[in-house]
file structure19.txt (compact mmCIF, C-alpha atoms)
# COMPACT_ATOMS: atom_id res chain seq x y z
CA MET A 29 -59.87 -124.11 -70.76
CA ARG A 30 -59.46 -126.52 -67.91
CA LEU A 31 -60.03 -125.49 -64.32
CA GLU A 32 -56.51 -126.57 -63.20
CA GLU A 33 -54.93 -124.08 -65.58
CA GLU A 34 -56.84 -121.23 -64.04
CA ASN A 35 -55.33 -121.94 -60.63
CA SER A 36 -52.15 -120.07 -59.85
CA PHE A 37 -49.05 -121.77 -58.40
CA PHE A 38 -49.94 -120.68 -54.88
CA ASP A 39 -53.52 -121.87 -55.23
CA ARG A 40 -52.23 -125.42 -55.28
CA PHE A 41 -50.76 -125.12 -51.78
CA SER A 42 -54.15 -124.33 -50.38
CA LEU A 43 -54.94 -127.94 -51.20
CA LEU A 44 -52.90 -128.92 -48.12
CA ASP A 45 -55.37 -128.97 -45.29
CA LYS A 46 -54.45 -127.99 -41.70
CA LYS A 47 -53.72 -131.59 -40.64
CA LYS A 48 -51.50 -132.30 -43.63
CA ALA A 49 -49.67 -128.98 -43.31
CA THR A 50 -48.93 -129.71 -39.62
CA LYS A 51 -47.65 -133.13 -40.67
CA TYR A 52 -45.33 -131.45 -43.22
CA ILE A 53 -43.98 -129.08 -40.58
CA VAL A 54 -43.42 -131.86 -38.04
CA TYR A 55 -41.70 -134.14 -40.59
CA GLY A 56 -39.66 -131.22 -41.83
CA LEU A 57 -38.57 -130.35 -38.31
CA ILE A 58 -37.66 -133.97 -37.52
CA GLY A 59 -35.69 -134.17 -40.79
CA ALA A 60 -33.91 -130.87 -40.11
CA ILE A 61 -33.04 -131.95 -36.55
CA LEU A 62 -31.70 -135.33 -37.71
CA PHE A 63 -29.63 -133.87 -40.54
CA GLY A 64 -28.47 -131.06 -38.28
CA LEU A 65 -27.38 -133.64 -35.73
CA MET A 66 -25.51 -135.47 -38.49
CA MET A 67 -23.77 -132.19 -39.40
CA MET A 68 -22.73 -131.50 -35.83
CA ILE A 69 -21.45 -135.04 -35.18
CA SER A 70 -19.56 -135.07 -38.48
CA ARG A 71 -17.99 -131.66 -37.79
CA SER A 72 -17.09 -132.67 -34.24
CA ILE A 73 -15.35 -135.85 -35.45
CA ALA A 74 -13.39 -133.86 -38.04
CA GLN A 75 -12.40 -131.13 -35.58
CA ASN A 76 -11.25 -133.63 -32.97
CA ALA A 77 -9.33 -135.84 -35.40
CA TRP A 78 -5.98 -134.48 -34.19
CA THR A 79 -6.86 -135.10 -30.54
CA TRP A 80 -7.77 -138.68 -31.42
CA GLN A 81 -4.51 -139.05 -33.36
CA ASN A 82 -2.48 -137.93 -30.34
CA LEU A 83 -4.24 -140.47 -28.12
CA ALA A 84 -3.85 -143.29 -30.67
CA ASN A 85 -0.14 -142.46 -31.13
CA GLN A 86 0.41 -142.59 -27.38
CA GLN A 87 -1.40 -145.95 -27.17
CA ASN A 88 0.78 -147.17 -30.05
CA SER A 89 3.97 -146.13 -28.25
CA THR A 90 2.82 -147.76 -25.00
CA ASP A 91 2.00 -151.01 -26.81
CA PHE A 92 5.46 -150.97 -28.39
CA TRP A 93 7.22 -150.28 -25.08
CA ASN A 94 5.23 -153.11 -23.48
CA GLY A 95 6.55 -155.43 -26.17
CA VAL A 96 3.07 -156.17 -27.57
CA TYR A 97 4.55 -155.74 -31.03
CA GLY A 98 7.79 -154.73 -32.69
CA TYR A 99 8.98 -151.73 -34.63
CA THR A 100 7.45 -152.75 -37.99
CA ASP A 101 4.00 -153.19 -36.44
CA TYR A 102 4.53 -149.87 -34.65
CA VAL A 103 5.26 -148.13 -37.97
CA LYS A 104 2.33 -149.92 -39.63
CA ARG A 105 -0.03 -148.81 -36.85
CA GLN A 106 1.37 -145.26 -37.12
CA GLN A 107 0.50 -145.20 -40.83
CA GLU A 108 -2.98 -146.62 -40.11
CA ILE A 109 -3.55 -143.87 -37.53
CA ILE A 110 -2.64 -141.19 -40.08
CA GLU A 111 -4.99 -142.77 -42.65
CA ILE A 112 -7.86 -142.92 -40.16
CA ARG A 113 -7.27 -139.27 -39.22
CA TYR A 114 -7.48 -138.29 -42.92
CA TRP A 115 -10.75 -140.24 -43.14
CA MET A 116 -12.08 -138.49 -40.02
CA GLU A 117 -11.42 -135.18 -41.73
CA TRP A 118 -12.66 -136.23 -45.17
CA GLN A 119 -15.95 -137.75 -43.90
CA ASP A 120 -16.92 -134.21 -42.91
CA VAL A 121 -17.02 -133.19 -46.59
CA ILE A 122 -19.19 -136.20 -47.51
CA PHE A 123 -21.64 -136.01 -44.60
CA MET A 124 -21.86 -132.21 -44.58
CA ASN A 125 -22.96 -132.25 -48.23
CA ILE A 126 -25.49 -135.03 -47.60
CA ALA A 127 -26.76 -133.13 -44.54
CA ARG A 128 -26.95 -129.86 -46.50
CA VAL A 129 -29.20 -131.50 -49.11
CA GLY A 130 -31.23 -133.17 -46.33
CA VAL A 131 -31.70 -129.94 -44.36
CA ASN A 132 -32.80 -128.10 -47.50
CA ILE A 133 -35.38 -130.80 -48.30
CA ALA A 134 -36.59 -130.67 -44.68
CA LEU A 135 -36.79 -126.86 -44.82
CA PHE A 136 -38.78 -127.17 -48.04
CA PHE A 137 -41.32 -129.32 -46.21
CA ILE A 138 -41.52 -126.72 -43.40
CA LEU A 139 -41.92 -123.97 -46.01
CA ILE A 140 -44.79 -125.79 -47.72
CA GLY A 141 -46.42 -126.43 -44.34
CA PHE A 142 -46.33 -122.77 -43.27
CA LEU A 143 -47.32 -121.55 -46.73
CA SER A 144 -50.33 -123.85 -46.56
CA PHE A 145 -51.27 -122.33 -43.19
CA ALA A 146 -50.89 -118.85 -44.71
CA LEU A 147 -53.13 -119.73 -47.65
CA ASN A 148 -55.74 -121.57 -45.62
CA GLU A 149 -58.80 -119.36 -45.36
CA GLN A 150 -60.23 -121.38 -42.48
CA ILE A 151 -57.41 -120.19 -40.18
CA ASP A 152 -57.60 -116.79 -38.48
CA GLU A 153 -55.90 -113.82 -40.12
CA LYS A 154 -53.24 -113.33 -37.42
CA THR A 155 -52.00 -116.91 -37.57
CA ARG A 156 -51.97 -116.77 -41.36
CA ARG A 157 -49.81 -113.64 -41.31
CA ILE A 158 -47.36 -115.15 -38.81
CA SER A 159 -47.22 -118.32 -40.94
CA LEU A 160 -46.43 -116.23 -44.01
CA VAL A 161 -43.63 -114.40 -42.18
CA ILE A 162 -42.18 -117.72 -40.92
CA SER A 163 -42.35 -119.27 -44.39
CA ALA A 164 -40.64 -116.17 -45.84
CA LEU A 165 -37.91 -116.50 -43.20
CA VAL A 166 -37.45 -120.22 -43.98
CA LEU A 167 -37.23 -119.41 -47.69
CA PHE A 168 -34.72 -116.66 -46.93
CA VAL A 169 -32.50 -119.08 -44.94
CA MET A 170 -32.83 -121.73 -47.68
CA MET A 171 -31.83 -119.33 -50.46
CA PHE A 172 -28.89 -117.87 -48.57
CA THR A 173 -27.47 -121.17 -47.32
CA THR A 174 -27.87 -122.72 -50.78
CA PHE A 175 -26.34 -119.94 -52.85
CA PHE A 176 -23.82 -118.48 -50.40
CA ALA A 177 -21.59 -121.13 -48.85
CA SER A 178 -19.78 -118.63 -46.62
CA ILE A 179 -22.92 -117.83 -44.64
CA SER A 180 -23.45 -120.22 -41.77
CA ILE A 181 -25.08 -120.30 -38.38
CA SER A 182 -22.83 -121.57 -35.62
CA VAL A 183 -23.98 -122.74 -32.23
CA SER A 184 -21.40 -122.71 -29.47
CA MET B 16 -44.31 -163.81 -34.03
CA LYS B 17 -41.90 -166.00 -35.99
CA ARG B 18 -40.82 -163.02 -38.07
CA LYS B 19 -40.14 -161.03 -34.90
CA LEU B 20 -37.99 -163.85 -33.54
CA ILE B 21 -36.02 -164.12 -36.79
CA THR B 22 -35.46 -160.33 -36.82
CA ARG B 23 -34.18 -160.44 -33.24
CA LEU B 24 -31.88 -163.37 -34.03
CA VAL B 25 -30.45 -161.61 -37.09
CA LEU B 26 -29.91 -158.45 -35.01
CA LEU B 27 -28.11 -160.51 -32.36
CA LEU B 28 -25.99 -162.07 -35.12
CA GLY B 29 -24.98 -158.60 -36.29
CA ILE B 30 -24.01 -157.61 -32.73
CA ALA B 31 -22.12 -160.91 -32.34
CA PHE B 32 -20.14 -160.13 -35.52
CA LEU B 33 -19.22 -156.71 -34.13
CA ILE B 34 -18.10 -158.22 -30.81
CA LEU B 35 -16.17 -161.01 -32.56
CA ALA B 36 -14.32 -158.64 -34.91
CA PRO B 37 -11.71 -157.24 -32.47
CA ILE B 38 -11.36 -160.62 -30.71
CA LEU B 39 -10.59 -162.39 -34.00
CA GLY B 40 -8.33 -159.52 -35.05
CA TYR B 41 -6.30 -159.84 -31.86
CA THR B 42 -6.09 -163.62 -31.70
CA MET B 43 -5.43 -164.21 -35.41
CA ASP B 44 -3.04 -161.28 -35.86
CA LYS B 45 0.01 -163.48 -35.39
CA LEU B 46 0.02 -167.24 -35.71
CA VAL B 47 2.55 -169.09 -33.58
CA LYS B 48 4.26 -171.54 -35.94
CA TYR B 49 6.98 -172.72 -33.59
CA ASP B 50 7.48 -172.24 -29.89
CA LYS B 51 10.02 -174.23 -27.94
CA THR B 52 12.39 -173.63 -25.05
CA GLY B 53 15.59 -175.59 -24.56
CA ILE B 54 16.09 -176.64 -28.20
CA THR B 55 19.34 -178.56 -28.27
CA ILE B 56 21.81 -178.99 -31.12
CA ASP B 57 25.41 -180.18 -31.18
CA GLU B 58 28.30 -177.74 -31.29
CA GLU B 59 29.38 -179.44 -34.51
CA SER B 60 26.71 -177.16 -36.04
CA ASN B 61 29.34 -174.42 -35.93
CA ASN B 62 31.34 -176.29 -38.59
CA THR B 63 28.68 -178.12 -40.60
CA ILE B 64 25.33 -176.71 -41.60
CA GLN B 65 23.75 -180.18 -41.59
CA GLU B 66 24.07 -180.18 -37.79
CA ALA B 67 22.54 -176.72 -37.40
CA PHE B 68 18.94 -176.09 -36.42
CA ALA B 69 16.81 -175.15 -39.43
CA TYR B 70 13.21 -173.99 -39.59
CA PRO B 71 11.70 -173.25 -43.02
CA ILE B 72 9.24 -170.37 -43.50
CA SER B 73 7.34 -169.09 -46.48
CA LEU B 74 6.36 -165.44 -46.81
CA SER B 75 3.87 -163.81 -49.13
CA ARG B 76 3.84 -160.12 -50.16
CA GLY B 77 3.50 -157.81 -47.17
CA GLN B 78 3.80 -160.72 -44.73
CA LYS B 79 6.48 -160.85 -42.09
CA VAL B 80 7.78 -163.29 -39.54
CA THR B 81 8.54 -162.45 -35.93
CA ILE B 82 11.30 -164.43 -34.27
CA GLU B 83 11.96 -164.36 -30.55
CA PHE B 84 15.40 -165.77 -29.99
CA GLY B 85 16.75 -166.26 -26.47
CA VAL B 86 19.69 -167.94 -24.76
CA TYR B 87 19.83 -168.54 -21.00
CA TYR B 88 22.12 -171.58 -20.79
CA ALA B 89 25.62 -171.92 -19.36
CA ASN B 90 28.64 -171.81 -21.68
CA VAL B 91 26.50 -171.49 -24.78
CA SER B 92 27.27 -169.31 -27.76
CA ALA B 93 24.50 -169.27 -30.37
CA THR B 94 23.95 -167.42 -33.64
CA LEU B 95 20.78 -166.95 -35.66
CA LYS B 96 20.81 -166.29 -39.39
CA ILE B 97 18.09 -166.29 -42.03
CA LEU B 98 18.97 -167.72 -45.43
CA GLY B 99 17.11 -167.97 -48.72
CA LYS B 100 15.76 -171.51 -49.24
CA GLY B 101 17.74 -172.06 -52.48
CA PHE B 102 20.98 -170.84 -50.94
CA TYR B 103 20.39 -172.94 -47.83
CA ASP B 104 19.77 -176.10 -49.91
CA GLN B 105 22.95 -175.45 -51.88
CA GLN B 106 25.00 -175.00 -48.70
CA LEU B 107 23.35 -178.05 -47.14
CA GLY B 108 24.59 -180.14 -50.07
CA LEU B 109 28.09 -178.73 -49.66
CA ASN B 110 27.80 -179.00 -45.86
CA ASN B 111 29.71 -175.75 -45.34
CA SER B 112 30.12 -174.00 -42.04
CA PRO B 113 27.13 -171.66 -41.39
CA SER B 114 29.47 -169.18 -39.73
CA THR B 115 31.01 -168.34 -43.11
CA LEU B 116 27.63 -167.69 -44.78
CA ASN B 117 26.06 -164.26 -45.15
CA GLY B 118 22.53 -164.13 -43.78
CA LEU B 119 19.73 -161.91 -45.04
CA TYR B 120 19.04 -158.61 -43.31
CA PHE B 121 16.34 -158.34 -40.66
CA VAL B 122 15.49 -155.78 -37.99
CA TYR B 123 15.66 -156.37 -34.27
CA THR B 124 14.17 -154.22 -31.54
CA GLN B 125 14.78 -153.39 -27.91
CA PHE B 126 11.74 -152.21 -26.00
CA ALA B 127 13.26 -149.14 -24.37
CA TRP B 128 10.58 -147.45 -22.25
CA GLY B 129 9.96 -143.81 -23.12
CA ALA B 130 12.47 -143.80 -25.99
CA TYR B 131 11.47 -143.21 -29.58
CA PRO B 132 11.08 -146.73 -31.08
CA SER B 133 13.32 -146.16 -34.11
CA SER B 134 16.22 -145.24 -31.80
CA TYR B 135 16.24 -148.80 -30.49
CA THR B 136 15.66 -150.67 -33.74
CA TYR B 137 18.58 -151.92 -35.78
CA SER B 138 19.12 -154.01 -38.89
CA ASP B 139 21.62 -156.86 -39.10
CA ASN B 140 22.20 -160.11 -40.95
CA ALA B 141 23.03 -162.22 -37.87
CA ARG B 142 22.52 -162.12 -34.13
CA THR B 143 24.88 -163.87 -31.75
CA PHE B 144 24.88 -164.45 -28.02
CA ASP B 145 28.44 -164.94 -26.89
CA PHE B 146 29.52 -167.33 -24.09
CA SER B 147 29.35 -164.61 -21.52
CA GLU B 148 25.97 -163.36 -22.68
CA ASP B 149 22.42 -164.23 -21.87
CA GLY B 150 19.72 -162.45 -23.75
CA TYR B 151 16.71 -162.11 -25.94
CA TYR B 152 16.20 -160.68 -29.41
CA TYR B 153 12.90 -159.64 -30.96
CA ILE B 154 13.52 -160.04 -34.68
CA GLU B 155 11.26 -159.10 -37.59
CA PHE B 156 11.90 -160.35 -41.11
CA ALA B 157 10.07 -159.93 -44.42
CA GLY B 158 12.78 -160.81 -46.95
CA GLY B 159 15.12 -157.86 -46.53
CA ALA B 160 15.77 -154.70 -44.52
CA SER B 161 17.16 -151.21 -44.97
CA GLY B 162 17.98 -149.25 -41.84
CA ASP B 163 15.00 -149.55 -39.50
CA TYR B 164 12.63 -150.63 -42.23
CA LEU B 165 11.68 -154.04 -43.51
CA ILE B 166 11.54 -154.74 -47.24
CA SER B 167 8.93 -157.25 -48.31
CA ILE B 168 10.41 -159.90 -50.61
CA PRO B 169 8.03 -162.86 -50.84
CA GLY B 170 9.61 -166.28 -50.94
CA SER B 171 10.86 -169.25 -48.97
CA TYR B 172 13.47 -168.85 -46.29
CA VAL B 173 15.18 -170.90 -43.60
CA ILE B 174 15.93 -169.78 -40.05
CA VAL B 175 19.27 -171.28 -39.09
CA VAL B 176 20.73 -171.47 -35.58
CA TYR B 177 24.18 -172.83 -34.81
CA GLY B 178 26.60 -172.47 -31.92
CA GLU B 179 29.30 -173.68 -29.61
CA ASN B 180 29.62 -174.87 -26.04
CA ASN B 181 32.52 -173.41 -24.08
CA GLY B 182 32.15 -175.79 -21.16
CA PRO B 183 33.99 -179.09 -20.52
CA ALA B 184 35.06 -180.99 -23.63
CA SER B 185 32.42 -183.65 -23.01
CA ASP B 186 29.69 -181.02 -22.97
CA THR B 187 28.88 -180.34 -26.60
CA MET B 188 25.25 -179.31 -26.36
CA VAL B 189 24.05 -175.91 -27.53
CA SER B 190 20.65 -174.92 -26.14
CA PHE B 191 18.46 -171.96 -27.01
CA ASN B 192 14.82 -170.80 -27.03
CA LEU B 193 12.94 -169.95 -30.20
CA ARG B 194 9.46 -168.68 -30.97
CA VAL B 195 8.41 -168.12 -34.58
CA LYS B 196 5.23 -166.14 -35.29
CA ILE B 197 3.90 -165.33 -38.72
CA ASP B 198 1.42 -162.61 -39.71
CA GLY B 199 -2.04 -164.20 -39.76
CA PRO B 200 -5.38 -163.19 -41.30
CA GLY B 201 -6.37 -161.21 -38.16
CA GLU B 202 -6.52 -157.80 -39.83
CA PHE B 203 -8.57 -159.13 -42.75
CA LEU B 204 -10.98 -161.03 -40.47
CA GLU B 205 -11.43 -158.02 -38.16
CA GLU B 206 -12.37 -155.78 -41.07
CA LEU B 207 -14.62 -158.45 -42.60
CA PHE B 208 -16.53 -159.00 -39.34
CA TYR B 209 -16.93 -155.25 -38.79
CA TYR B 210 -18.42 -154.90 -42.27
CA LEU B 211 -20.63 -157.97 -41.80
CA GLY B 212 -21.90 -156.80 -38.39
CA THR B 213 -22.61 -153.26 -39.57
CA GLY B 214 -24.22 -154.57 -42.77
CA VAL B 215 -26.54 -156.95 -40.89
CA ILE B 216 -27.62 -154.24 -38.42
CA VAL B 217 -28.26 -151.73 -41.23
CA VAL B 218 -30.35 -154.31 -43.13
CA VAL B 219 -32.40 -155.09 -39.99
CA ILE B 220 -32.98 -151.35 -39.33
CA LEU B 221 -34.04 -150.81 -42.97
CA PHE B 222 -36.36 -153.82 -42.78
CA LEU B 223 -37.95 -152.61 -39.52
CA SER B 224 -38.36 -149.08 -40.91
CA TYR B 225 -40.01 -150.47 -44.05
CA ARG B 226 -42.43 -152.54 -41.94
CA HIS B 227 -43.22 -149.54 -39.76
CA TYR B 228 -43.78 -147.41 -42.87
CA LYS B 229 -46.10 -150.04 -44.33
CA LYS B 230 -48.08 -150.12 -41.06
CA LEU B 231 -48.34 -146.31 -41.07
CA LYS B 232 -49.56 -146.41 -44.66
CA GLY B 233 -52.28 -148.78 -43.55
CA GLY B 234 -51.03 -151.86 -45.30
CA ARG B 235 -51.31 -155.04 -43.26
call {"tool": "encode", "arguments": {"input": "structure19.txt", "output": "structure tokens"}}
result
Amino acid sequence: MRLEEENSFFDRFSLLDKKKATKYIVYGLIGAILFGLMMMISRSIAQNAWTWQNLANQQNSTDFWNGVYGYTDYVKRQQEIIEIRYWMEWQDVIFMNIARVGVNIALFFILIGFLSFALNEQIDEKTRRISLVISALVLFVMMFTTFFASISISVS
Amino acid sequence: MKRKLITRLVLLLGIAFLILAPILGYTMDKLVKYDKTGITIDEESNNTIQEAFAYPISLSRGQKVTIEFGVYYANVSATLKILGKGFYDQQLGLNNSPSTLNGLYFVYTQFAWGAYPSSYTYSDNARTFDFSEDGYYYIEFAGGASGDYLISIPGSYVIVVYGENNGPASDTMVSFNLRVKIDGPGEFLEELFYYLGTGVIVVVILFLSYRHYKKLKGGR
């Protein structure tokens, strides 16, 4: 029997040394922040689409009254504004799904990082325990946000 | 060093595309095909189409022509009609009076401040300034019209203007102003330059990220 087969699944994480585990956590955090930022920007654009439409419609009317263009161009612009507003709302679905996948990958990196801390025998017991609790929390968030779409954390 | 310079130049090119996009879109949106004030024809144009002013236009699908028609001259009555090229050629051969011909429908607009635009947009098949009138019409034409809306019918058309002079018998001149603008490639160019600019910047960012990644990995 080979030695690798004797190792359990968790034994493999202990292969991540302290430096590598820290790197995983940092990269995971950066990834989560970036994808989270993408989520927030995307949601903000979608939520403010109507406000933008009102402004664009007013600009369209003013341009018409100023004689910049005629009625047909006014109607054309009006239709373009509606189409852009639909896109502003629809992009939320696309980017939110991309961001969801991205955040989960980033959280996975953080999870591996903390698990590696928890399994590293060279680190003191207290830190290892805290790392295990944090990794359990991260896993908990990952599982719930992946399998239950109605659960979300909102920052206002 | 050379690579750095090329990267910077390409990045600048991308930014230049993005800056050029709205400028091109605005300037190429409508192409002025004809713009003249004080065009003069003889009042005989009221009786014979061969004496009338004629300007041919050709429209593709979705394209429209904008005509600004104005009269600010004493004793002048002038009428603008748009005819299909085939019909115009037939009538030109017969030399009929343009006043008896039915023009194609177009829409014309008045820029009434604060009012809903459709309330001041009408469709008609001719626009006339009578002797006692001075004025200006902003006309849009795409082949046909129904109510406020233009109907796109691609083809060749002729803008015809004829009129009368109500002054002394010796004064037979009919003067008017005309500006003809046709939809240009502005919208297409604007979109193209936006895509090009964004594409170039994305490629440069990807290239720089790849180089940075390679450096981090210890290569080169």
call {"tool": "interface_residues", "arguments": {"input": "structure19.txt", "of": "chain B", "to": "chain A", "cutoff": "7 Å", "atoms": "all atoms listed in the file", "output": "list in words"}}
result
Thr124, Phe126, Ala127, Trp128, Pro132 and Thr136 of chain B
call {"tool": "residues_around", "arguments": {"input": "structure19.txt", "residues": "stretch 126-142 of chain A", "least_positions_apart": "5", "cutoff": "6 Å", "atoms": "all atoms listed in the file", "output": "ChimeraX atom specification"}}
result
/A:49,52-53,56,59-60,63,159,163
call {"tool": "write_last_selection", "arguments": {"input": "structure19.txt", "atoms": "C-alpha atoms", "output": "PDB file, in the coordinates of the input"}}
result
ATOM      1  CA  ALA A  49     -49.670-128.980 -43.310  1.00  0.00           C
ATOM      2  CA  TYR A  52     -45.330-131.450 -43.220  1.00  0.00           C
ATOM      3  CA  ILE A  53     -43.980-129.080 -40.580  1.00  0.00           C
ATOM      4  CA  GLY A  56     -39.660-131.220 -41.830  1.00  0.00           C
ATOM      5  CA  GLY A  59     -35.690-134.170 -40.790  1.00  0.00           C
ATOM      6  CA  ALA A  60     -33.910-130.870 -40.110  1.00  0.00           C
ATOM      7  CA  PHE A  63     -29.630-133.870 -40.540  1.00  0.00           C
ATOM      8  CA  SER A 159     -47.220-118.320 -40.940  1.00  0.00           C
ATOM      9  CA  SER A 163     -42.350-119.270 -44.390  1.00  0.00           C
TER      10      SER A 163
END
call {"tool": "atom_distance", "arguments": {"input": "structure19.txt", "atom1": "atom CA of B:Ser75", "atom2": "atom CA of B:Gly108"}}
result
26.4 Å
call {"tool": "residues_around", "arguments": {"input": "structure19.txt", "residues": "A:Glu117", "least_positions_apart": "3", "cutoff": "8 Å", "atoms": "all atoms listed in the file", "output": "MDAnalysis selection string"}}
result
chainID A and resid 73:75 77 113:114 120:121
call {"tool": "atom_distance", "arguments": {"input": "structure19.txt", "atom1": "atom CA of B:Asn111", "atom2": "atom CA of B:Val175"}}
result
13.0 Å
call {"tool": "atom_distance", "arguments": {"input": "structure19.txt", "atom1": "atom CA of A:Arg157", "atom2": "atom CA of A:Met171"}}
result
21.0 Å
call {"tool": "closest_residue", "arguments": {"input": "structure19.txt", "among": "A:Gln106, A:Thr79, A:Thr155, A:Ser70", "to": "A:Trp118", "atoms": "only C-alpha atoms"}}
result
A:Ser70
call {"tool": "residues_around", "arguments": {"input": "structure19.txt", "residues": "B:Leu33", "least_positions_apart": "6", "cutoff": "9 Å", "atoms": "only C-alpha atoms", "output": "JSON, numbers by chain"}}
result
{"B": [205, 208, 209, 210, 211, 212, 213]}
call {"tool": "residues_around", "arguments": {"input": "structure19.txt", "residues": "A:Met124", "least_positions_apart": "5", "cutoff": "8 Å", "atoms": "only C-alpha atoms", "output": "PDB file with C-alpha atoms, in the coordinates of the input"}}
result
ATOM      1  CA  MET A  66     -25.510-135.470 -38.490  1.00  0.00           C
ATOM      2  CA  MET A  67     -23.770-132.190 -39.400  1.00  0.00           C
ATOM      3  CA  SER A  70     -19.560-135.070 -38.480  1.00  0.00           C
ATOM      4  CA  ARG A  71     -17.990-131.660 -37.790  1.00  0.00           C
TER       5      ARG A  71
END
call {"tool": "closest_residue", "arguments": {"input": "structure19.txt", "among": "A:Leu167, A:Gly64, A:Ile110, A:Leu57", "to": "A:Trp80", "atoms": "only C-alpha atoms"}}
result
A:Ile110
call {"tool": "closest_residue", "arguments": {"input": "structure19.txt", "among": "B:Val80, B:Thr42, B:Lys229, B:Gly129", "to": "A:Gln86", "atoms": "only C-alpha atoms"}}
result
B:Gly129
call {"tool": "decode", "arguments": {"input": "structure19.txt", "residues": "stretch 167-203 of chain B", "atoms": "C-alpha atoms", "output": "mmCIF file, in the first residue's frame"}}
result
data_model
loop_
_atom_site.group_PDB
_atom_site.id
_atom_site.type_symbol
_atom_site.label_atom_id
_atom_site.label_comp_id
_atom_site.auth_asym_id
_atom_site.auth_seq_id
_atom_site.Cartn_x
_atom_site.Cartn_y
_atom_site.Cartn_z
ATOM 1 C CA SER B 167 -39.237 53.478 -44.012
ATOM 2 C CA ILE B 168 -39.608 52.729 -47.724
ATOM 3 C CA PRO B 169 -36.167 52.595 -49.348
ATOM 4 C CA GLY B 170 -35.881 54.066 -52.800
ATOM 5 C CA SER B 171 -35.185 57.146 -54.883
ATOM 6 C CA TYR B 172 -37.169 60.306 -54.415
ATOM 7 C CA VAL B 173 -37.195 63.902 -55.618
ATOM 8 C CA ILE B 174 -37.790 66.981 -53.483
ATOM 9 C CA VAL B 175 -39.770 69.426 -55.587
ATOM 10 C CA VAL B 176 -40.344 73.107 -54.813
ATOM 11 C CA TYR B 177 -42.513 75.386 -56.922
ATOM 12 C CA GLY B 178 -44.282 78.681 -56.325
ATOM 13 C CA GLU B 179 -45.629 82.026 -57.380
ATOM 14 C CA ASN B 180 -44.734 85.670 -56.973
ATOM 15 C CA ASN B 181 -47.599 87.971 -56.045
ATOM 16 C CA GLY B 182 -45.639 91.160 -56.631
ATOM 17 C CA PRO B 183 -45.511 93.351 -59.769
ATOM 18 C CA ALA B 184 -46.033 91.511 -63.059
ATOM 19 C CA SER B 185 -42.372 91.955 -63.970
ATOM 20 C CA ASP B 186 -41.295 90.274 -60.747
ATOM 21 C CA THR B 187 -41.536 86.557 -61.414
ATOM 22 C CA MET B 188 -38.875 85.220 -59.081
ATOM 23 C CA VAL B 189 -39.695 82.749 -56.329
ATOM 24 C CA SER B 190 -37.024 82.529 -53.631
ATOM 25 C CA PHE B 191 -36.720 80.111 -50.729
ATOM 26 C CA ASN B 192 -34.167 78.506 -48.391
ATOM 27 C CA LEU B 193 -33.490 74.783 -48.315
ATOM 28 C CA ARG B 194 -31.250 72.521 -46.274
ATOM 29 C CA VAL B 195 -31.223 68.776 -46.931
ATOM 30 C CA LYS B 196 -29.570 66.472 -44.396
ATOM 31 C CA ILE B 197 -29.397 62.720 -44.675
ATOM 32 C CA ASP B 198 -28.751 60.173 -41.909
ATOM 33 C CA GLY B 199 -25.019 59.412 -41.914
ATOM 34 C CA PRO B 200 -22.901 56.602 -40.464
ATOM 35 C CA GLY B 201 -22.486 58.459 -37.126
ATOM 36 C CA GLU B 202 -24.291 55.903 -34.975
ATOM 37 C CA PHE B 203 -22.371 52.993 -36.521
#
